[in-house]
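Novice: Sharing entry12.cif (mmCIF, N, CA, C and O atoms) below.
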data_target
loop_
_atom_site.label_atom_id
_atom_site.label_comp_id
_atom_site.auth_asym_id
_atom_site.auth_seq_id
_atom_site.Cartn_x
_atom_site.Cartn_y
_atom_site.Cartn_z
N MET A 1 170.88 78.59 73.47
CA MET A 1 171.68 78.73 72.28
C MET A 1 172.20 80.16 72.20
O MET A 1 171.44 81.11 72.37
N PRO A 2 173.50 80.35 71.95
CA PRO A 2 174.04 81.70 71.88
C PRO A 2 173.52 82.43 70.65
O PRO A 2 173.23 81.83 69.62
N ARG A 3 173.38 83.73 70.78
CA ARG A 3 172.90 84.52 69.64
C ARG A 3 174.02 84.73 68.62
O ARG A 3 175.20 84.74 68.97
N MET A 4 173.62 84.92 67.38
CA MET A 4 174.60 85.11 66.32
C MET A 4 175.23 86.49 66.45
O MET A 4 174.57 87.46 66.83
N LYS A 5 176.51 86.58 66.11
CA LYS A 5 177.21 87.86 66.13
C LYS A 5 176.73 88.72 64.97
O LYS A 5 176.42 88.21 63.90
N CYS A 6 176.67 90.01 65.20
CA CYS A 6 176.35 90.93 64.12
C CYS A 6 177.55 91.04 63.19
O CYS A 6 178.69 91.00 63.64
N LEU A 7 177.30 91.17 61.91
CA LEU A 7 178.36 91.36 60.94
C LEU A 7 178.93 92.75 61.14
O LEU A 7 178.21 93.74 61.03
N ASP A 8 180.19 92.83 61.46
CA ASP A 8 180.81 94.09 61.84
C ASP A 8 182.25 94.09 61.32
O ASP A 8 183.19 93.90 62.08
N LEU A 9 182.43 94.29 60.02
CA LEU A 9 183.74 94.19 59.38
C LEU A 9 184.36 95.57 59.19
O LEU A 9 183.67 96.54 58.85
N ALA A 10 185.66 95.65 59.36
CA ALA A 10 186.38 96.91 59.18
C ALA A 10 186.25 97.40 57.74
O ALA A 10 186.36 96.63 56.79
N GLY A 11 185.97 98.69 57.60
CA GLY A 11 185.91 99.31 56.29
C GLY A 11 184.64 99.07 55.50
O GLY A 11 184.51 99.56 54.38
N VAL A 12 183.70 98.31 56.04
CA VAL A 12 182.45 98.02 55.34
C VAL A 12 181.35 98.90 55.94
O VAL A 12 181.01 98.78 57.11
N THR A 13 180.79 99.78 55.12
CA THR A 13 179.74 100.68 55.57
C THR A 13 178.48 99.89 55.90
O THR A 13 178.10 98.99 55.16
N GLN A 14 177.85 100.25 57.01
CA GLN A 14 176.69 99.52 57.50
C GLN A 14 175.52 100.46 57.77
O GLN A 14 175.72 101.58 58.25
N HIS A 15 174.32 99.99 57.46
CA HIS A 15 173.10 100.69 57.82
C HIS A 15 172.63 100.06 59.13
O HIS A 15 172.24 98.90 59.16
N VAL A 16 172.67 100.82 60.19
CA VAL A 16 172.32 100.33 61.53
C VAL A 16 170.95 100.87 61.91
O VAL A 16 170.68 102.06 61.74
N ILE A 17 170.09 99.98 62.41
CA ILE A 17 168.75 100.37 62.87
C ILE A 17 168.59 99.90 64.30
O ILE A 17 168.95 98.77 64.63
N GLN A 18 168.05 100.76 65.15
CA GLN A 18 167.72 100.36 66.51
C GLN A 18 166.35 100.93 66.85
O GLN A 18 166.12 102.13 66.70
N ARG A 19 165.45 100.06 67.27
CA ARG A 19 164.07 100.45 67.55
C ARG A 19 163.81 100.55 69.05
O ARG A 19 164.41 99.83 69.84
N GLY A 20 162.87 101.40 69.39
CA GLY A 20 162.40 101.48 70.76
C GLY A 20 161.68 100.20 71.14
O GLY A 20 161.06 99.56 70.29
N ASN A 21 161.76 99.82 72.41
CA ASN A 21 161.12 98.61 72.88
C ASN A 21 159.62 98.65 72.58
O ASN A 21 158.95 99.64 72.87
N ASP A 22 159.12 97.60 71.97
CA ASP A 22 157.71 97.50 71.61
C ASP A 22 157.29 98.66 70.71
O ASP A 22 156.15 99.10 70.73
N ARG A 23 158.26 99.17 69.95
CA ARG A 23 158.07 100.30 69.02
C ARG A 23 157.56 101.56 69.71
O ARG A 23 156.91 102.41 69.10
N GLN A 24 157.87 101.68 70.99
CA GLN A 24 157.48 102.87 71.74
C GLN A 24 158.54 103.95 71.57
O GLN A 24 159.65 103.70 71.12
N ALA A 25 158.21 105.16 71.97
CA ALA A 25 159.12 106.30 71.82
C ALA A 25 160.40 106.10 72.62
O ALA A 25 160.39 105.50 73.70
N CYS A 26 161.49 106.59 72.07
CA CYS A 26 162.76 106.61 72.78
C CYS A 26 163.31 108.03 72.89
O CYS A 26 164.32 108.26 73.54
N PHE A 27 162.64 108.96 72.24
CA PHE A 27 162.96 110.38 72.35
C PHE A 27 161.67 111.10 72.74
O PHE A 27 160.64 110.93 72.10
N PHE A 28 161.74 111.89 73.80
CA PHE A 28 160.53 112.48 74.36
C PHE A 28 160.50 114.00 74.24
O PHE A 28 159.44 114.60 74.28
N GLN A 29 161.67 114.61 74.14
CA GLN A 29 161.76 116.06 73.98
C GLN A 29 163.03 116.38 73.19
O GLN A 29 163.85 115.50 72.97
N GLU A 30 163.15 117.62 72.76
CA GLU A 30 164.28 117.99 71.90
C GLU A 30 165.63 117.72 72.56
O GLU A 30 166.58 117.30 71.89
N THR A 31 165.72 117.92 73.85
CA THR A 31 167.00 117.69 74.53
C THR A 31 167.42 116.22 74.47
O THR A 31 168.61 115.92 74.52
N ASP A 32 166.46 115.30 74.36
CA ASP A 32 166.79 113.88 74.24
C ASP A 32 167.53 113.60 72.94
O ASP A 32 168.50 112.85 72.91
N TYR A 33 167.07 114.22 71.85
CA TYR A 33 167.75 114.05 70.56
C TYR A 33 169.18 114.58 70.64
O TYR A 33 170.12 113.94 70.16
N LEU A 34 169.33 115.75 71.26
CA LEU A 34 170.66 116.35 71.37
C LEU A 34 171.58 115.49 72.23
O LEU A 34 172.77 115.32 71.91
N ARG A 35 171.04 114.95 73.31
CA ARG A 35 171.85 114.09 74.18
C ARG A 35 172.29 112.83 73.45
O ARG A 35 173.44 112.39 73.54
N TYR A 36 171.36 112.21 72.69
CA TYR A 36 171.70 111.01 71.94
C TYR A 36 172.81 111.32 70.93
O TYR A 36 173.77 110.55 70.80
N LEU A 37 172.69 112.43 70.23
CA LEU A 37 173.71 112.80 69.24
C LEU A 37 175.06 113.06 69.90
O LEU A 37 176.11 112.70 69.35
N GLN A 38 175.05 113.67 71.07
CA GLN A 38 176.30 113.90 71.81
C GLN A 38 176.93 112.56 72.21
O GLN A 38 178.14 112.35 72.01
N ASP A 39 176.13 111.65 72.74
CA ASP A 39 176.64 110.33 73.12
C ASP A 39 177.14 109.57 71.90
O ASP A 39 178.18 108.90 71.96
N LEU A 40 176.42 109.67 70.80
CA LEU A 40 176.81 109.00 69.56
C LEU A 40 178.13 109.55 69.03
O LEU A 40 179.00 108.79 68.61
N ARG A 41 178.28 110.85 69.06
CA ARG A 41 179.52 111.47 68.58
C ARG A 41 180.72 110.99 69.40
O ARG A 41 181.75 110.60 68.85
N GLU A 42 180.59 111.04 70.71
CA GLU A 42 181.69 110.60 71.59
C GLU A 42 182.03 109.13 71.36
O GLU A 42 183.19 108.77 71.25
N ALA A 43 181.02 108.28 71.28
CA ALA A 43 181.26 106.85 71.10
C ALA A 43 181.85 106.56 69.72
O ALA A 43 182.74 105.72 69.60
N SER A 44 181.40 107.26 68.69
CA SER A 44 181.96 107.01 67.35
C SER A 44 183.43 107.41 67.30
O SER A 44 184.24 106.73 66.66
N LEU A 45 183.81 108.48 67.97
CA LEU A 45 185.22 108.88 68.02
C LEU A 45 186.04 107.90 68.86
O LEU A 45 187.14 107.51 68.48
N ASN A 46 185.50 107.50 70.00
CA ASN A 46 186.22 106.58 70.90
C ASN A 46 186.45 105.20 70.27
O ASN A 46 187.48 104.57 70.53
N TYR A 47 185.51 104.73 69.48
CA TYR A 47 185.59 103.37 68.95
C TYR A 47 185.92 103.31 67.46
O TYR A 47 185.86 102.25 66.85
N GLY A 48 186.28 104.44 66.87
CA GLY A 48 186.75 104.44 65.50
C GLY A 48 185.70 104.11 64.47
O GLY A 48 185.91 103.25 63.60
N CYS A 49 184.56 104.78 64.55
CA CYS A 49 183.49 104.59 63.56
C CYS A 49 183.23 105.93 62.88
O CYS A 49 183.03 106.94 63.56
N ARG A 50 183.24 105.93 61.56
CA ARG A 50 182.90 107.14 60.82
C ARG A 50 181.38 107.16 60.62
O ARG A 50 180.83 106.26 60.00
N LEU A 51 180.76 108.18 61.15
CA LEU A 51 179.31 108.32 61.03
C LEU A 51 179.02 109.22 59.84
O LEU A 51 179.37 110.39 59.83
N HIS A 52 178.41 108.65 58.81
CA HIS A 52 178.15 109.38 57.57
C HIS A 52 176.80 110.08 57.59
O HIS A 52 176.66 111.16 57.03
N ALA A 53 175.81 109.44 58.17
CA ALA A 53 174.46 110.00 58.19
C ALA A 53 173.66 109.38 59.33
O ALA A 53 173.99 108.29 59.80
N TYR A 54 172.64 110.09 59.76
CA TYR A 54 171.75 109.56 60.79
C TYR A 54 170.36 110.12 60.59
O TYR A 54 170.17 111.19 60.01
N VAL A 55 169.38 109.37 61.05
CA VAL A 55 168.00 109.81 61.12
C VAL A 55 167.48 109.39 62.48
O VAL A 55 167.53 108.21 62.82
N LEU A 56 167.04 110.34 63.26
CA LEU A 56 166.48 110.04 64.58
C LEU A 56 164.98 110.24 64.50
O LEU A 56 164.48 111.35 64.36
N MET A 57 164.26 109.14 64.54
CA MET A 57 162.80 109.17 64.54
C MET A 57 162.33 109.11 65.99
O MET A 57 163.12 108.87 66.89
N THR A 58 161.06 109.30 66.22
CA THR A 58 160.55 109.28 67.59
C THR A 58 160.79 107.96 68.28
O THR A 58 161.14 107.92 69.45
N ASN A 59 160.65 106.85 67.53
CA ASN A 59 160.75 105.53 68.16
C ASN A 59 161.88 104.66 67.61
O ASN A 59 161.94 103.48 67.94
N HIS A 60 162.76 105.20 66.79
CA HIS A 60 163.90 104.41 66.31
C HIS A 60 164.95 105.32 65.67
O HIS A 60 164.69 106.51 65.46
N VAL A 61 166.12 104.74 65.42
CA VAL A 61 167.21 105.48 64.78
C VAL A 61 167.75 104.70 63.59
O VAL A 61 167.70 103.46 63.57
N HIS A 62 168.24 105.42 62.61
CA HIS A 62 168.97 104.86 61.48
C HIS A 62 170.33 105.52 61.45
O HIS A 62 170.42 106.75 61.56
N LEU A 63 171.38 104.73 61.30
CA LEU A 63 172.74 105.26 61.21
C LEU A 63 173.44 104.65 60.01
O LEU A 63 173.23 103.48 59.70
N LEU A 64 174.28 105.43 59.35
CA LEU A 64 175.15 104.93 58.30
C LEU A 64 176.57 105.08 58.81
O LEU A 64 177.05 106.20 58.98
N VAL A 65 177.22 103.95 59.08
CA VAL A 65 178.49 103.92 59.81
C VAL A 65 179.51 103.05 59.10
O VAL A 65 179.17 101.96 58.62
N THR A 66 180.76 103.50 59.09
CA THR A 66 181.87 102.68 58.60
C THR A 66 182.86 102.49 59.75
O THR A 66 183.47 103.47 60.19
N PRO A 67 183.03 101.26 60.24
CA PRO A 67 183.97 101.01 61.33
C PRO A 67 185.41 100.92 60.80
O PRO A 67 185.63 100.42 59.70
N GLU A 68 186.36 101.39 61.59
CA GLU A 68 187.77 101.28 61.23
C GLU A 68 188.34 99.92 61.59
O GLU A 68 189.33 99.50 61.02
N ALA A 69 187.73 99.26 62.57
CA ALA A 69 188.21 97.95 63.01
C ALA A 69 187.02 97.04 63.23
O ALA A 69 185.90 97.49 63.51
N GLU A 70 187.25 95.75 63.12
CA GLU A 70 186.20 94.77 63.35
C GLU A 70 185.68 94.90 64.78
O GLU A 70 186.45 95.02 65.73
N GLY A 71 184.37 94.90 64.95
CA GLY A 71 183.77 94.98 66.27
C GLY A 71 183.51 96.40 66.75
O GLY A 71 182.92 96.59 67.82
N SER A 72 183.92 97.40 65.99
CA SER A 72 183.77 98.79 66.43
C SER A 72 182.32 99.24 66.53
O SER A 72 181.95 99.98 67.44
N VAL A 73 181.49 98.81 65.59
CA VAL A 73 180.09 99.22 65.61
C VAL A 73 179.41 98.66 66.86
O VAL A 73 178.66 99.36 67.55
N SER A 74 179.68 97.41 67.17
CA SER A 74 179.08 96.80 68.37
C SER A 74 179.47 97.56 69.62
O SER A 74 178.62 97.85 70.47
N ARG A 75 180.75 97.87 69.75
CA ARG A 75 181.22 98.59 70.94
C ARG A 75 180.63 100.00 70.99
O ARG A 75 180.25 100.49 72.06
N MET A 76 180.52 100.66 69.83
CA MET A 76 179.94 102.00 69.79
C MET A 76 178.48 101.97 70.22
O MET A 76 178.05 102.77 71.05
N MET A 77 177.71 101.04 69.66
CA MET A 77 176.29 100.96 69.99
C MET A 77 176.07 100.59 71.45
O MET A 77 175.13 101.08 72.09
N GLN A 78 176.92 99.74 71.99
CA GLN A 78 176.82 99.37 73.40
C GLN A 78 177.07 100.60 74.28
O GLN A 78 176.34 100.84 75.24
N ALA A 79 178.09 101.38 73.94
CA ALA A 79 178.41 102.57 74.72
C ALA A 79 177.29 103.60 74.66
O ALA A 79 176.90 104.18 75.68
N VAL A 80 176.76 103.84 73.47
CA VAL A 80 175.65 104.79 73.32
C VAL A 80 174.44 104.30 74.11
O VAL A 80 173.80 105.08 74.83
N GLY A 81 174.13 103.03 73.98
CA GLY A 81 172.98 102.47 74.69
C GLY A 81 173.10 102.62 76.19
O GLY A 81 172.15 103.04 76.86
N ARG A 82 174.25 102.31 76.73
CA ARG A 82 174.43 102.42 78.18
C ARG A 82 174.21 103.84 78.66
O ARG A 82 173.52 104.08 79.65
N ARG A 83 174.83 104.79 77.99
CA ARG A 83 174.74 106.18 78.43
C ARG A 83 173.35 106.75 78.22
O ARG A 83 172.80 107.41 79.10
N TYR A 84 172.79 106.53 77.03
CA TYR A 84 171.51 107.16 76.71
C TYR A 84 170.37 106.55 77.53
O TYR A 84 169.51 107.28 78.04
N VAL A 85 170.34 105.25 77.69
CA VAL A 85 169.28 104.61 78.48
C VAL A 85 169.35 105.06 79.94
O VAL A 85 168.33 105.35 80.55
N ARG A 86 170.56 105.17 80.48
CA ARG A 86 170.70 105.66 81.85
C ARG A 86 170.17 107.09 81.96
O ARG A 86 169.47 107.44 82.91
N TYR A 87 170.49 107.92 80.96
CA TYR A 87 170.01 109.30 80.94
C TYR A 87 168.47 109.35 80.91
O TYR A 87 167.85 110.07 81.69
N VAL A 88 167.85 108.59 80.02
CA VAL A 88 166.39 108.59 79.91
C VAL A 88 165.75 108.06 81.19
O VAL A 88 164.80 108.66 81.72
N ASN A 89 166.26 106.95 81.71
CA ASN A 89 165.69 106.38 82.92
C ASN A 89 165.80 107.33 84.10
O ASN A 89 164.86 107.50 84.86
N ASP A 90 166.96 107.97 84.25
CA ASP A 90 167.16 108.90 85.36
C ASP A 90 166.28 110.14 85.22
O ASP A 90 165.70 110.62 86.19
N SER A 91 166.17 110.66 84.00
CA SER A 91 165.42 111.92 83.82
C SER A 91 163.91 111.72 83.85
O SER A 91 163.18 112.67 84.12
N SER A 92 163.44 110.51 83.58
CA SER A 92 161.98 110.30 83.56
C SER A 92 161.49 109.38 84.67
O SER A 92 160.30 109.05 84.70
N GLY A 93 162.38 108.96 85.57
CA GLY A 93 161.97 108.13 86.69
C GLY A 93 161.49 106.75 86.29
O GLY A 93 160.64 106.17 86.94
N ARG A 94 162.02 106.23 85.22
CA ARG A 94 161.62 104.89 84.76
C ARG A 94 162.76 103.92 84.96
O ARG A 94 163.87 104.32 85.31
N THR A 95 162.49 102.64 84.75
CA THR A 95 163.52 101.61 84.84
C THR A 95 163.38 100.69 83.64
O THR A 95 162.38 100.71 82.94
N GLY A 96 164.39 99.88 83.43
CA GLY A 96 164.31 98.85 82.39
C GLY A 96 164.87 99.29 81.06
O GLY A 96 165.45 100.36 80.92
N THR A 97 164.63 98.44 80.08
CA THR A 97 165.20 98.65 78.77
C THR A 97 164.44 99.71 77.98
O THR A 97 163.25 99.94 78.19
N LEU A 98 165.14 100.36 77.10
CA LEU A 98 164.54 101.34 76.20
C LEU A 98 164.49 100.81 74.79
O LEU A 98 163.58 101.11 74.03
N TRP A 99 165.46 99.98 74.44
CA TRP A 99 165.61 99.47 73.08
C TRP A 99 165.03 98.07 72.94
O TRP A 99 165.04 97.30 73.88
N GLU A 100 164.58 97.75 71.75
CA GLU A 100 164.04 96.44 71.44
C GLU A 100 165.19 95.55 70.96
O GLU A 100 165.49 95.50 69.77
N GLY A 101 165.84 94.90 71.88
CA GLY A 101 166.95 94.01 71.53
C GLY A 101 168.16 94.76 71.01
O GLY A 101 168.32 95.95 71.22
N ARG A 102 169.01 94.03 70.31
CA ARG A 102 170.21 94.62 69.74
C ARG A 102 169.88 95.39 68.47
O ARG A 102 168.83 95.21 67.88
N TYR A 103 170.85 96.17 68.06
CA TYR A 103 170.68 96.87 66.77
C TYR A 103 170.69 95.86 65.64
O TYR A 103 171.14 94.74 65.78
N LYS A 104 170.20 96.27 64.49
CA LYS A 104 170.18 95.40 63.31
C LYS A 104 170.90 96.09 62.18
O LYS A 104 170.96 97.28 62.10
#
Show how you would write the structure in this file as structure tokens.

Specialist:
Amino acid sequence: MPRMKCLDLAGVTQHVIQRGNDRQACFFQETDYLRYLQDLREASLNYGCRLHAYVLMTNHVHLLVTPEAEGSVSRMMQAVGRRYVRYVNDSSGRTGTLWEGRYK
């Protein structure tokens, strides 16, 4: 059965949460937080999402985002996930997923 699409409407502010897989850490040192924020900034500009606020916890993130177009949040989160997970896996010699499923 296909999974349900996330509600991602233009102009509607959303509280986005993404957790580390099995609630494990996704940020290991200060440079990881900075890298995530850099990737998030680039993706939000590229996909037309206004980022109002963020909280980066050790094992999850909270974002307050308003997309300019339908589907922008999904594309932004996908882009951030691809870049950041590759960075973490390469820098720590690990493989596999970092996040617990899709964002909510």

Novice: So that I can see what lies close to Arg86 of chain A, please list as number ranges by chain the residues with an atom at most 12 Å from it, counting only C-alpha atoms and leaving out residues fewer than 3 positions away in the same chain.

Specialist: A: 32, 35-36, 39, 79-83, 89-99

Novice: One decimal, in Å: what's the spacing between atom O of His60 of chain A and atom N of Ile17 of chain A?

Specialist: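 These two atoms are separated by 9.0 Å.
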
Novice: Written as a ChimeraX atom specification, what is the full residue list that the PyMOL selection byres ((chain A and resi 64-69) around 8) yields on the file shown?

Specialist: /A:8-17,44,47-55,61-63,70-74

Novice: With N, CA, C and O atoms retained, write the just-selected residues as a compact mmCIF listing (two decimals), keeping the file's coordinate frame.

Specialist:
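Generated output (again.txt):
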# COMPACT_ATOMS: atom_id res chain seq x y z
N ASP A 8 180.19 92.83 61.46
CA ASP A 8 180.81 94.09 61.84
C ASP A 8 182.25 94.09 61.32
O ASP A 8 183.19 93.90 62.08
N LEU A 9 182.43 94.29 60.02
CA LEU A 9 183.74 94.19 59.38
C LEU A 9 184.36 95.57 59.19
O LEU A 9 183.67 96.54 58.85
N ALA A 10 185.66 95.65 59.36
CA ALA A 10 186.38 96.91 59.18
C ALA A 10 186.25 97.40 57.74
O ALA A 10 186.36 96.63 56.79
N GLY A 11 185.97 98.69 57.60
CA GLY A 11 185.91 99.31 56.29
C GLY A 11 184.64 99.07 55.50
O GLY A 11 184.51 99.56 54.38
N VAL A 12 183.70 98.31 56.04
CA VAL A 12 182.45 98.02 55.34
C VAL A 12 181.35 98.90 55.94
O VAL A 12 181.01 98.78 57.11
N THR A 13 180.79 99.78 55.12
CA THR A 13 179.74 100.68 55.57
C THR A 13 178.48 99.89 55.90
O THR A 13 178.10 98.99 55.16
N GLN A 14 177.85 100.25 57.01
CA GLN A 14 176.69 99.52 57.50
C GLN A 14 175.52 100.46 57.77
O GLN A 14 175.72 101.58 58.25
N HIS A 15 174.32 99.99 57.46
CA HIS A 15 173.10 100.69 57.82
C HIS A 15 172.63 100.06 59.13
O HIS A 15 172.24 98.90 59.16
N VAL A 16 172.67 100.82 60.19
CA VAL A 16 172.32 100.33 61.53
C VAL A 16 170.95 100.87 61.91
O VAL A 16 170.68 102.06 61.74
N ILE A 17 170.09 99.98 62.41
CA ILE A 17 168.75 100.37 62.87
C ILE A 17 168.59 99.90 64.30
O ILE A 17 168.95 98.77 64.63
N SER A 44 181.40 107.26 68.69
CA SER A 44 181.96 107.01 67.35
C SER A 44 183.43 107.41 67.30
O SER A 44 184.24 106.73 66.66
N TYR A 47 185.51 104.73 69.48
CA TYR A 47 185.59 103.37 68.95
C TYR A 47 185.92 103.31 67.46
O TYR A 47 185.86 102.25 66.85
N GLY A 48 186.28 104.44 66.87
CA GLY A 48 186.75 104.44 65.50
C GLY A 48 185.70 104.11 64.47
O GLY A 48 185.91 103.25 63.60
N CYS A 49 184.56 104.78 64.55
CA CYS A 49 183.49 104.59 63.56
C CYS A 49 183.23 105.93 62.88
O CYS A 49 183.03 106.94 63.56
N ARG A 50 183.24 105.93 61.56
CA ARG A 50 182.90 107.14 60.82
C ARG A 50 181.38 107.16 60.62
O ARG A 50 180.83 106.26 60.00
N LEU A 51 180.76 108.18 61.15
CA LEU A 51 179.31 108.32 61.03
C LEU A 51 179.02 109.22 59.84
O LEU A 51 179.37 110.39 59.83
N HIS A 52 178.41 108.65 58.81
CA HIS A 52 178.15 109.38 57.57
C HIS A 52 176.80 110.08 57.59
O HIS A 52 176.66 111.16 57.03
N ALA A 53 175.81 109.44 58.17
CA ALA A 53 174.46 110.00 58.19
C ALA A 53 173.66 109.38 59.33
O ALA A 53 173.99 108.29 59.80
N TYR A 54 172.64 110.09 59.76
CA TYR A 54 171.75 109.56 60.79
C TYR A 54 170.36 110.12 60.59
O TYR A 54 170.17 111.19 60.01
N VAL A 55 169.38 109.37 61.05
CA VAL A 55 168.00 109.81 61.12
C VAL A 55 167.48 109.39 62.48
O VAL A 55 167.53 108.21 62.82
N VAL A 61 166.12 104.74 65.42
CA VAL A 61 167.21 105.48 64.78
C VAL A 61 167.75 104.70 63.59
O VAL A 61 167.70 103.46 63.57
N HIS A 62 168.24 105.42 62.61
CA HIS A 62 168.97 104.86 61.48
C HIS A 62 170.33 105.52 61.45
O HIS A 62 170.42 106.75 61.56
N LEU A 63 171.38 104.73 61.30
CA LEU A 63 172.74 105.26 61.21
C LEU A 63 173.44 104.65 60.01
O LEU A 63 173.23 103.48 59.70
N GLU A 70 187.25 95.75 63.12
CA GLU A 70 186.20 94.77 63.35
C GLU A 70 185.68 94.90 64.78
O GLU A 70 186.45 95.02 65.73
N GLY A 71 184.37 94.90 64.95
CA GLY A 71 183.77 94.98 66.27
C GLY A 71 183.51 96.40 66.75
O GLY A 71 182.92 96.59 67.82
N SER A 72 183.92 97.40 65.99
CA SER A 72 183.77 98.79 66.43
C SER A 72 182.32 99.24 66.53
O SER A 72 181.95 99.98 67.44
N VAL A 73 181.49 98.81 65.59
CA VAL A 73 180.09 99.22 65.61
C VAL A 73 179.41 98.66 66.86
O VAL A 73 178.66 99.36 67.55
N SER A 74 179.68 97.41 67.17
CA SER A 74 179.08 96.80 68.37
C SER A 74 179.47 97.56 69.62
O SER A 74 178.62 97.85 70.47

Novice: When you draw a straight line from atom CA of Arg23 of chain A to atom C of Leu45 of chain A, how long is it in Å?

Specialist: 29.0 Å

Novice: Could you jot down the atom CA of Thr31 of chain A to atom CA of Gln18 of chain A separation for me, Å, one decimal place?

Specialist: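 For atom CA of Thr31 of chain A relative to atom CA of Gln18 of chain A, the distance reads 19.1 Å.
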
Novice: Write out as a ChimeraX atom specification all residues of chain A that DSSP puts in alpha helix (DSSP H) for this structure's backbone.

Specialist: /A:30-46,72-92
